[in-house]
$ cat input11.txt   # compact mmCIF, C-alpha atoms
# COMPACT_ATOMS: atom_id res chain seq x y z
CA MET F 156 0.00 0.00 0.00
CA GLY F 157 1.38 3.38 -0.94
CA MET F 158 2.02 6.03 1.68
CA PRO F 159 0.87 9.61 1.19
CA GLY F 160 3.44 12.32 0.60
CA ARG F 161 7.10 12.03 -0.24
CA ALA F 162 9.11 8.85 0.09
CA GLY F 163 10.37 8.61 3.67
CA ASP F 164 7.56 10.72 5.12
CA HIS F 165 6.08 7.78 6.95
CA ARG F 166 9.21 6.72 8.80
CA TRP F 167 10.11 10.32 9.48
CA SER F 168 6.62 11.01 10.86
CA GLN F 169 6.68 7.95 13.08
CA ARG F 170 10.01 9.08 14.56
CA HIS F 171 8.70 12.57 15.26
CA LEU F 172 5.29 11.93 16.80
CA SER F 173 6.56 12.82 20.28
CA HIS F 174 8.17 16.01 18.98
CA TYR F 175 4.89 16.83 17.25
CA ILE F 176 2.69 16.53 20.32
CA GLU F 177 5.24 18.57 22.30
CA GLY F 178 4.91 21.34 19.71
CA GLU F 179 8.64 21.19 19.03
CA LEU F 180 8.50 20.88 15.26
CA ARG F 181 9.12 23.93 13.15
CA PRO F 182 6.15 25.04 11.04
CA ARG F 183 7.40 23.40 7.87
CA ALA F 184 8.10 20.10 9.63
CA ARG F 185 4.76 20.25 11.40
CA ARG F 186 2.96 20.75 8.11
CA ARG F 187 4.89 17.84 6.61
CA LEU F 188 3.79 15.53 9.41
CA GLU F 189 0.17 16.72 9.38
CA ARG F 190 -0.08 16.41 5.58
CA HIS F 191 1.20 12.85 5.78
CA ALA F 192 -0.92 11.89 8.82
CA ARG F 193 -4.11 13.07 7.13
CA GLY F 194 -3.76 10.27 4.61
CA CYS F 195 -2.00 7.69 6.76
CA VAL F 196 -4.08 5.60 9.16
CA ASP F 197 -1.00 4.44 11.09
CA CYS F 198 0.33 7.92 11.71
CA GLY F 199 -3.08 9.38 12.55
CA ARG F 200 -3.52 6.63 15.13
CA GLY F 201 0.09 7.12 16.22
CA ILE F 202 -0.60 10.74 17.12
CA ARG F 203 -3.60 9.72 19.22
CA ALA F 204 -1.60 6.92 20.82
CA MET F 205 1.29 9.21 21.71
CA ARG F 206 -1.09 11.73 23.27
CA ALA F 207 -2.79 8.94 25.23
CA LEU F 208 0.59 7.66 26.37
CA VAL F 209 1.70 11.01 27.74
CA TYR F 210 -1.70 11.45 29.39
CA ALA F 211 -1.44 8.02 31.02
CA VAL F 212 2.12 8.58 32.23
CA GLN F 213 1.20 11.99 33.61
CA GLY F 214 -1.63 10.26 35.46
CA GLU F 215 1.00 8.35 37.43
CA GLY F 216 2.22 11.61 38.93
CA GLY F 217 0.50 13.91 41.36
CA PRO F 218 -0.22 13.30 45.03
CA THR F 219 0.16 9.67 45.95
CA GLY F 220 -0.08 9.68 49.72
CA VAL F 221 3.26 7.89 49.82
CA ARG F 222 5.35 9.19 52.72
CA ALA F 223 9.10 9.14 53.10
CA PRO F 224 10.27 6.69 55.75
CA ALA F 225 10.94 8.08 59.22
CA THR F 226 14.46 6.71 58.89
CA ILE F 227 15.40 9.03 56.03
CA PHE F 228 17.77 11.15 58.14
CA ASP F 229 19.21 8.27 60.18
CA ARG F 230 22.56 8.25 58.39
CA VAL F 231 22.86 12.02 58.68
CA ARG F 232 22.28 11.73 62.43
CA LEU F 233 24.72 8.84 62.69
CA ALA F 234 27.30 10.90 60.83
CA GLY F 235 27.25 13.29 63.77
CA GLY F 236 26.15 16.83 64.46
CA GLY F 237 29.36 18.60 63.51
CA SER F 238 29.75 20.87 60.52
CA PRO F 239 29.15 19.24 57.13
CA GLU F 240 32.77 19.89 56.13
CA SER F 241 33.96 17.68 58.97
CA GLN F 242 32.02 14.80 57.43
CA HIS F 243 33.81 14.93 54.10
CA ALA F 244 35.61 11.72 53.25
CA MET D 78 13.95 29.13 38.24
CA PRO D 79 13.15 30.63 41.61
CA PRO D 80 16.08 31.35 43.90
CA PRO D 81 16.23 29.15 46.98
CA GLY D 82 14.88 31.86 49.24
CA ARG D 83 11.55 32.04 47.46
CA ARG D 84 10.37 28.66 48.63
CA ARG D 85 9.47 28.36 52.28
CA ALA D 86 10.15 25.13 54.08
CA PRO D 87 7.22 24.06 56.23
CA ASP D 88 7.97 24.22 59.92
CA PRO D 89 4.96 23.40 62.06
CA ALA D 90 7.07 23.73 65.22
CA ASP D 91 7.72 27.42 64.92
CA GLY D 92 4.20 28.67 65.32
CA GLY D 93 3.68 29.63 61.72
CA ALA D 94 6.71 31.86 61.31
CA ALA D 95 8.33 29.44 58.90
CA GLU D 96 11.92 30.19 58.06
CA THR D 97 12.76 30.83 54.47
CA GLU D 98 14.66 28.21 52.58
CA ALA D 99 17.58 30.64 52.35
CA SER D 100 17.90 31.00 56.12
CA LEU D 101 17.57 27.25 56.69
CA LEU D 102 20.23 26.73 54.04
CA ALA D 103 22.59 29.19 55.73
CA ARG D 104 22.12 27.45 59.07
CA ALA D 105 22.56 24.02 57.53
CA GLN D 106 25.74 25.16 55.79
CA ALA D 107 26.99 26.36 59.17
CA GLY D 108 26.54 22.82 60.49
CA ASP D 109 23.01 22.86 61.93
CA VAL D 110 21.65 19.36 61.33
CA GLY D 111 18.16 20.36 62.48
CA ALA D 112 18.03 23.11 59.86
CA PHE D 113 19.22 20.63 57.25
CA GLU D 114 16.43 18.23 58.20
CA LEU D 115 13.82 20.97 57.96
CA LEU D 116 15.20 22.18 54.65
CA SER D 117 15.44 18.74 53.06
CA GLY D 118 12.45 17.28 54.87
CA ALA D 119 10.20 19.61 52.88
CA TYR D 120 11.05 17.51 49.81
CA ALA D 121 11.42 14.12 51.50
CA ASP D 122 8.07 12.61 50.43
CA ARG D 123 8.45 13.72 46.83
CA LEU D 124 12.06 12.59 46.70
CA PHE D 125 11.15 9.19 48.13
CA MET D 126 8.39 8.81 45.54
CA LEU D 127 10.88 9.62 42.78
CA LEU D 128 13.21 6.91 44.07
CA LEU D 129 10.33 4.43 44.22
CA ARG D 130 9.49 5.23 40.61
CA LEU D 131 13.08 4.90 39.44
CA LEU D 132 13.95 1.83 41.48
CA GLY D 133 10.60 0.07 41.85
CA ASP D 134 11.58 -1.45 45.15
CA ARG D 135 10.58 0.04 48.48
CA ALA D 136 13.43 -1.37 50.57
CA GLU D 137 15.97 -0.21 48.01
CA ALA D 138 14.32 3.19 47.76
CA GLU D 139 14.49 3.57 51.55
CA ASP D 140 18.17 2.69 51.55
CA VAL D 141 18.97 5.07 48.69
CA ALA D 142 16.90 7.86 50.27
CA GLN D 143 19.07 7.68 53.38
CA GLU D 144 22.18 7.77 51.22
CA VAL D 145 20.86 10.78 49.28
CA MET D 146 20.32 12.72 52.49
CA LEU D 147 23.77 11.79 53.77
CA ARG D 148 25.39 12.92 50.51
CA ALA D 149 23.38 16.13 50.54
CA TRP D 150 24.45 16.83 54.13
CA ARG D 151 28.09 16.14 53.35
CA GLY D 152 27.98 18.30 50.24
CA ILE D 153 25.80 21.15 51.40
CA THR D 154 28.67 23.59 51.85
CA ARG D 155 29.37 23.19 48.14
CA PHE D 156 25.82 24.18 47.20
CA ARG D 157 26.05 27.71 45.83
CA GLY D 158 22.46 28.32 44.82
CA GLN D 159 23.10 28.14 41.09
CA SER D 160 20.02 25.95 40.91
CA SER D 161 17.15 25.62 43.37
CA TYR D 162 17.82 23.44 46.40
CA PHE D 163 15.10 21.09 45.16
CA THR D 164 16.89 20.66 41.82
CA TRP D 165 20.20 20.03 43.57
CA LEU D 166 18.68 17.44 45.90
CA TYR D 167 16.83 15.73 43.05
CA ARG D 168 20.03 15.55 41.06
CA ILE D 169 21.77 13.74 43.90
CA ALA D 170 18.79 11.36 44.07
CA VAL D 171 18.87 10.62 40.34
CA ASN D 172 22.63 10.00 40.45
CA GLU D 173 22.26 7.66 43.42
CA ALA D 174 19.35 5.82 41.80
CA ASN D 175 21.33 5.37 38.60
CA ARG D 176 24.32 4.08 40.54
CA THR D 177 22.05 1.57 42.23
CA LEU D 178 20.52 0.53 38.91
CA GLU D 179 23.97 0.07 37.39
CA ARG D 180 24.97 -2.12 40.33
CA ARG D 181 22.02 -4.41 39.82
CA ALA D 182 22.15 -4.31 36.00
CA ARG D 183 23.33 -7.89 35.84
CA HIS D 184 20.38 -8.95 37.96
CA PRO D 185 17.38 -7.16 36.42
CA ALA D 186 14.36 -6.90 38.68
CA GLY D 187 10.87 -5.69 37.95
CA VAL D 188 10.34 -1.96 38.23
CA SER D 189 6.87 -0.54 38.34
CA ILE D 190 5.57 2.96 38.74
CA GLY D 191 1.98 1.82 38.77
CA ALA D 192 -0.66 1.10 41.36
CA ARG D 193 0.23 -2.57 41.68
CA GLU D 194 3.73 -2.02 43.03
CA LEU D 195 3.04 1.09 45.04
CA ASP D 196 -0.46 0.19 46.15
CA LEU D 197 -1.85 3.51 44.99
CA PRO D 198 -5.60 3.98 45.17
CA THR D 199 -7.65 4.17 41.99
CA SER D 200 -10.26 6.85 41.61
CA PRO D 201 -13.53 5.82 43.27
CA ALA D 202 -15.43 7.88 40.67
CA GLU D 203 -14.49 5.46 37.91
CA ASP D 204 -16.88 2.69 36.99
CA PRO D 205 -15.58 -0.87 37.57
CA SER D 206 -14.94 -1.70 33.92
CA ARG D 207 -13.06 1.55 33.44
CA GLN D 208 -11.04 0.86 36.58
CA ALA D 209 -10.13 -2.58 35.22
CA GLU D 210 -9.01 -1.06 31.90
CA ASN D 211 -6.95 1.55 33.72
CA ARG D 212 -5.38 -1.07 35.96
CA GLU D 213 -4.38 -3.03 32.89
CA LEU D 214 -2.94 0.05 31.21
CA ARG D 215 -1.02 0.98 34.35
CA ARG D 216 0.34 -2.54 34.63
CA ALA D 217 1.48 -2.43 31.01
CA LEU D 218 2.92 1.03 31.56
CA GLY D 219 4.84 -0.11 34.61
CA GLU D 220 6.31 -3.05 32.72
CA ALA D 221 7.21 -0.91 29.72
CA LEU D 222 8.97 1.63 31.92
CA ALA D 223 10.75 -1.16 33.76
CA GLY D 224 12.22 -2.28 30.47
CA LEU D 225 13.75 1.08 29.67
CA PRO D 226 17.45 1.77 30.19
CA PRO D 227 17.93 3.94 33.31
CA ALA D 228 18.71 7.11 31.35
CA LEU D 229 15.50 6.87 29.34
CA ARG D 230 13.45 5.91 32.39
CA THR D 231 14.83 8.90 34.26
CA ALA D 232 13.85 11.21 31.40
CA ILE D 233 10.24 10.05 31.19
CA VAL D 234 9.79 9.93 34.98
CA LEU D 235 11.16 13.44 35.51
CA ARG D 236 9.34 15.08 32.63
CA ASP D 237 6.07 13.19 32.23
CA VAL D 238 5.42 11.60 35.62
CA GLU D 239 6.91 14.29 37.85
CA GLY D 240 5.75 17.04 35.52
CA LEU D 241 8.97 19.03 35.69
CA SER D 242 9.87 21.49 32.97
CA THR D 243 12.33 20.35 30.34
CA GLN D 244 14.87 22.84 31.70
CA GLU D 245 14.61 21.61 35.28
CA ALA D 246 14.47 17.94 34.31
CA ALA D 247 17.53 18.31 32.08
CA GLU D 248 19.40 20.04 34.88
CA ILE D 249 18.55 17.22 37.29
CA ALA D 250 19.59 14.61 34.72
CA GLY D 251 22.85 16.51 34.27
CA ILE D 252 22.56 16.93 30.51
CA GLY D 253 21.64 19.67 28.06
CA GLN D 254 18.05 20.30 27.07
CA ALA D 255 18.49 18.99 23.52
CA ALA D 256 19.98 15.73 24.78
CA PHE D 257 17.26 15.46 27.38
CA LYS D 258 14.50 15.90 24.80
CA SER D 259 16.12 13.26 22.64
CA ARG D 260 16.05 10.80 25.56
CA LEU D 261 12.45 11.69 26.36
CA HIS D 262 11.31 11.11 22.78
CA GLN D 263 13.21 7.82 22.61
CA ALA D 264 11.64 6.72 25.88
CA ARG D 265 8.13 7.53 24.66
CA LEU D 266 8.67 5.73 21.36
CA ARG D 267 9.88 2.62 23.17
CA VAL D 268 7.02 2.63 25.66
CA ARG D 269 4.52 3.18 22.85
CA ALA D 270 5.99 0.26 20.92
CA VAL D 271 5.68 -2.02 23.96
CA ILE D 272 2.10 -1.10 24.87
CA GLY D 273 0.84 -0.76 21.33
CA ASP D 274 -1.21 1.94 19.65
CA GLU D 275 -4.51 0.09 19.94
CA ALA D 276 -4.31 -0.24 23.72
CA LEU D 277 -3.24 3.36 24.10
CA VAL D 278 -5.95 4.77 21.84
CA ALA D 279 -8.55 2.58 23.56
CA SER D 280 -7.50 4.06 26.91
CA GLY D 281 -9.08 7.26 25.66
CA GLY D 282 -6.36 9.58 27.00

$ encode --input "input11.txt" --output "structure tokens"
Amino acid sequence: MGMPGRAGDHRWSQRHLSHYIEGELRPRARRRLERHARGCVDCGRGIRAMRALVYAVQGEGGPTGVRAPATIFDRVRLAGGGSPESQHA
Amino acid sequence: MPPPGRRRAPDPADGGAAETEASLLARAQAGDVGAFELLSGAYADRLFMLLLRLLGDRAEAEDVAQEVMLRAWRGITRFRGQSSYFTWLYRIAVNEANRTLERRARHPAGVSIGARELDLPTSPAEDPSRQAENRELRRALGEALAGLPPALRTAIVLRDVEGLSTQEAAEIAGIGQAAFKSRLHQARLRVRAVIGDEALVASGG
């Protein structure tokens, strides 16, 4: 099946989907990708997939309720209360 | 990036007159361990969560978190405020996590940033079938991230999960912004390839 646009547009578009959704492509490059994606089922779906991926990964962030362990400063306390310089190896 | 003094470290013990980060930093640099704990403690939960996400193992994250604080304490006199204290502390954490990952590289273990490993609650507002789909996506996401090389995992965790700016994330990773973006894009492409477009599009993100 032929791909829309110039030869190489498909592979190039697939490599730049993340750049595209970040808005990092220059206008000419953006137009190249959009022109290709309009006629390419794989790349049109790739754009939606990349957006969904970033959305899903971002969903892993935010408040989690996970607390740092109470022991987090234990080694600092064990290292002593002197000046930090005195602790240098 | 805000200078260190802009951010106030919470200090419930001082009756609401919280010290600025700058004054805590000055005291810590003069050798006041209590000030160091207040200063760094403001970021402890977030830092621990980052380590959990990068390492995927609670016991290991606890061990590395202690090491991060020790290294920060030992090095605090060398902190000159060229970045925010948060960025500096996070950079130590990322370096320590990467050292740990390199040490265990010959013995790969599962790393997950999802609900299964961390026992994070799902949203009660979601209907059961949607919750099941999301659980499946999060499981797949956790496995895909676990399969990434540490440098790529760090990039996607800092930028997409933690939501840091590219500038701040690149600074924490210790590389330039262009190199950081390249790692981020590579990481996303790899994760996308593992999960598959159909599953991602079906997730409706």

$ interface_residues --input "input11.txt" --of "chain D" --to "chain F" --cutoff "6 Å" --atoms "all atoms listed in the file" --output "mmCIF file with C-alpha atoms, in the frame of the given file"
data_model
loop_
_atom_site.group_PDB
_atom_site.id
_atom_site.type_symbol
_atom_site.label_atom_id
_atom_site.label_comp_id
_atom_site.auth_asym_id
_atom_site.auth_seq_id
_atom_site.Cartn_x
_atom_site.Cartn_y
_atom_site.Cartn_z
ATOM 1 C CA GLY D 108 26.540 22.820 60.490
ATOM 2 C CA ALA D 121 11.420 14.120 51.500
ATOM 3 C CA ASP D 122 8.070 12.610 50.430
ATOM 4 C CA PHE D 125 11.150 9.190 48.130
ATOM 5 C CA GLN D 143 19.070 7.680 53.380
ATOM 6 C CA LEU D 147 23.770 11.790 53.770
ATOM 7 C CA ARG D 151 28.090 16.140 53.350
ATOM 8 C CA ASP D 237 6.070 13.190 32.230
ATOM 9 C CA VAL D 238 5.420 11.600 35.620
ATOM 10 C CA GLU D 239 6.910 14.290 37.850
ATOM 11 C CA HIS D 262 11.310 11.110 22.780
ATOM 12 C CA ASP D 274 -1.210 1.940 19.650
ATOM 13 C CA LEU D 277 -3.240 3.360 24.100
ATOM 14 C CA VAL D 278 -5.950 4.770 21.840
ATOM 15 C CA GLY D 282 -6.360 9.580 27.000
#

$ residues_around --input "input11.txt" --residues "Arg267 in chain D" --least-positions-apart "4" --cutoff "10 Å" --atoms "only C-alpha atoms" --output "VMD selection string"
chain D and resid 221 to 222 224 to 225 229 261 to 263 271 to 273

$ residues_around --input "input11.txt" --residues "Thr177 in chain D" --least-positions-apart "3" --cutoff "12 Å" --atoms "all atoms listed in the file" --output "ChimeraX atom specification"
/D:128,131-134,137-138,140-142,144-145,170-174,180-186,227

$ atom_distance --input "input11.txt" --atom1 "CA of Ala250 in chain D" --atom2 "CA of Glu114 in chain D"
24.0 Å

$ atom_distance --input "input11.txt" --atom1 "CA of Leu124 in chain D" --atom2 "CA of Arg269 in chain D"
26.7 Å

$ atom_distance --input "input11.txt" --atom1 "CA of Cys198 in chain F" --atom2 "CA of Asp164 in chain F"
10.2 Å

$ residues_around --input "input11.txt" --residues "His191 in chain F" --least-positions-apart "2" --cutoff "10 Å" --atoms "all atoms listed in the file" --output "ChimeraX atom specification"
/F:158-161,164-165,167-168,185-189,193-196,198-199

$ write_last_selection --input "input11.txt" --atoms "C-alpha atoms" --output "PDB file, in the frame of the given file"
ATOM      1  CA  MET F 158       2.020   6.030   1.680  1.00  0.00           C
ATOM      2  CA  PRO F 159       0.870   9.610   1.190  1.00  0.00           C
ATOM      3  CA  GLY F 160       3.440  12.320   0.600  1.00  0.00           C
ATOM      4  CA  ARG F 161       7.100  12.030  -0.240  1.00  0.00           C
ATOM      5  CA  ASP F 164       7.560  10.720   5.120  1.00  0.00           C
ATOM      6  CA  HIS F 165       6.080   7.780   6.950  1.00  0.00           C
ATOM      7  CA  TRP F 167      10.110  10.320   9.480  1.00  0.00           C
ATOM      8  CA  SER F 168       6.620  11.010  10.860  1.00  0.00           C
ATOM      9  CA  ARG F 185       4.760  20.250  11.400  1.00  0.00           C
ATOM     10  CA  ARG F 186       2.960  20.750   8.110  1.00  0.00           C
ATOM     11  CA  ARG F 187       4.890  17.840   6.610  1.00  0.00           C
ATOM     12  CA  LEU F 188       3.790  15.530   9.410  1.00  0.00           C
ATOM     13  CA  GLU F 189       0.170  16.720   9.380  1.00  0.00           C
ATOM     14  CA  ARG F 193      -4.110  13.070   7.130  1.00  0.00           C
ATOM     15  CA  GLY F 194      -3.760  10.270   4.610  1.00  0.00           C
ATOM     16  CA  CYS F 195      -2.000   7.690   6.760  1.00  0.00           C
ATOM     17  CA  VAL F 196      -4.080   5.600   9.160  1.00  0.00           C
ATOM     18  CA  CYS F 198       0.330   7.920  11.710  1.00  0.00           C
ATOM     19  CA  GLY F 199      -3.080   9.380  12.550  1.00  0.00           C
TER      20      GLY F 199
END

$ closest_residue --input "input11.txt" --among "D:Tyr162, D:Glu220, D:Ala232, D:Pro226" --to "Glu179 in chain D" --atoms "only C-alpha atoms"
D:Pro226

$ decode --input "input11.txt" --residues "range 167-229 of chain F" --atoms "C-alpha atoms" --output "mmCIF file, in the first residue's frame"
data_model
loop_
_atom_site.group_PDB
_atom_site.id
_atom_site.type_symbol
_atom_site.label_atom_id
_atom_site.label_comp_id
_atom_site.auth_asym_id
_atom_site.auth_seq_id
_atom_site.Cartn_x
_atom_site.Cartn_y
_atom_site.Cartn_z
ATOM 1 C CA TRP F 167 10.112 10.317 9.480
ATOM 2 C CA SER F 168 6.622 11.009 10.859
ATOM 3 C CA GLN F 169 6.684 7.947 13.075
ATOM 4 C CA ARG F 170 10.006 9.083 14.556
ATOM 5 C CA HIS F 171 8.700 12.569 15.256
ATOM 6 C CA LEU F 172 5.287 11.932 16.801
ATOM 7 C CA SER F 173 6.557 12.817 20.285
ATOM 8 C CA HIS F 174 8.172 16.013 18.975
ATOM 9 C CA TYR F 175 4.889 16.832 17.250
ATOM 10 C CA ILE F 176 2.695 16.531 20.324
ATOM 11 C CA GLU F 177 5.239 18.572 22.295
ATOM 12 C CA GLY F 178 4.914 21.342 19.714
ATOM 13 C CA GLU F 179 8.640 21.185 19.035
ATOM 14 C CA LEU F 180 8.498 20.875 15.263
ATOM 15 C CA ARG F 181 9.121 23.933 13.149
ATOM 16 C CA PRO F 182 6.151 25.038 11.041
ATOM 17 C CA ARG F 183 7.402 23.398 7.869
ATOM 18 C CA ALA F 184 8.100 20.097 9.632
ATOM 19 C CA ARG F 185 4.755 20.252 11.401
ATOM 20 C CA ARG F 186 2.958 20.751 8.106
ATOM 21 C CA ARG F 187 4.892 17.838 6.606
ATOM 22 C CA LEU F 188 3.786 15.532 9.406
ATOM 23 C CA GLU F 189 0.173 16.718 9.376
ATOM 24 C CA ARG F 190 -0.077 16.407 5.581
ATOM 25 C CA HIS F 191 1.204 12.849 5.784
ATOM 26 C CA ALA F 192 -0.916 11.891 8.818
ATOM 27 C CA ARG F 193 -4.114 13.070 7.129
ATOM 28 C CA GLY F 194 -3.760 10.272 4.612
ATOM 29 C CA CYS F 195 -2.005 7.694 6.765
ATOM 30 C CA VAL F 196 -4.084 5.601 9.160
ATOM 31 C CA ASP F 197 -1.002 4.437 11.091
ATOM 32 C CA CYS F 198 0.330 7.920 11.715
ATOM 33 C CA GLY F 199 -3.084 9.375 12.546
ATOM 34 C CA ARG F 200 -3.519 6.630 15.129
ATOM 35 C CA GLY F 201 0.095 7.122 16.224
ATOM 36 C CA ILE F 202 -0.602 10.744 17.123
ATOM 37 C CA ARG F 203 -3.602 9.718 19.217
ATOM 38 C CA ALA F 204 -1.605 6.918 20.824
ATOM 39 C CA MET F 205 1.286 9.214 21.710
ATOM 40 C CA ARG F 206 -1.095 11.734 23.270
ATOM 41 C CA ALA F 207 -2.785 8.938 25.230
ATOM 42 C CA LEU F 208 0.592 7.656 26.371
ATOM 43 C CA VAL F 209 1.697 11.007 27.744
ATOM 44 C CA TYR F 210 -1.697 11.450 29.395
ATOM 45 C CA ALA F 211 -1.441 8.018 31.018
ATOM 46 C CA VAL F 212 2.117 8.577 32.229
ATOM 47 C CA GLN F 213 1.196 11.988 33.611
ATOM 48 C CA GLY F 214 -1.626 10.257 35.463
ATOM 49 C CA GLU F 215 0.997 8.353 37.431
ATOM 50 C CA GLY F 216 2.219 11.608 38.926
ATOM 51 C CA GLY F 217 0.501 13.906 41.360
ATOM 52 C CA PRO F 218 -0.223 13.305 45.028
ATOM 53 C CA THR F 219 0.158 9.665 45.950
ATOM 54 C CA GLY F 220 -0.083 9.676 49.724
ATOM 55 C CA VAL F 221 3.263 7.889 49.825
ATOM 56 C CA ARG F 222 5.354 9.188 52.721
ATOM 57 C CA ALA F 223 9.098 9.136 53.103
ATOM 58 C CA PRO F 224 10.270 6.687 55.752
ATOM 59 C CA ALA F 225 10.935 8.075 59.216
ATOM 60 C CA THR F 226 14.461 6.715 58.894
ATOM 61 C CA ILE F 227 15.400 9.025 56.028
ATOM 62 C CA PHE F 228 17.770 11.145 58.144
ATOM 63 C CA ASP F 229 19.213 8.267 60.184
#
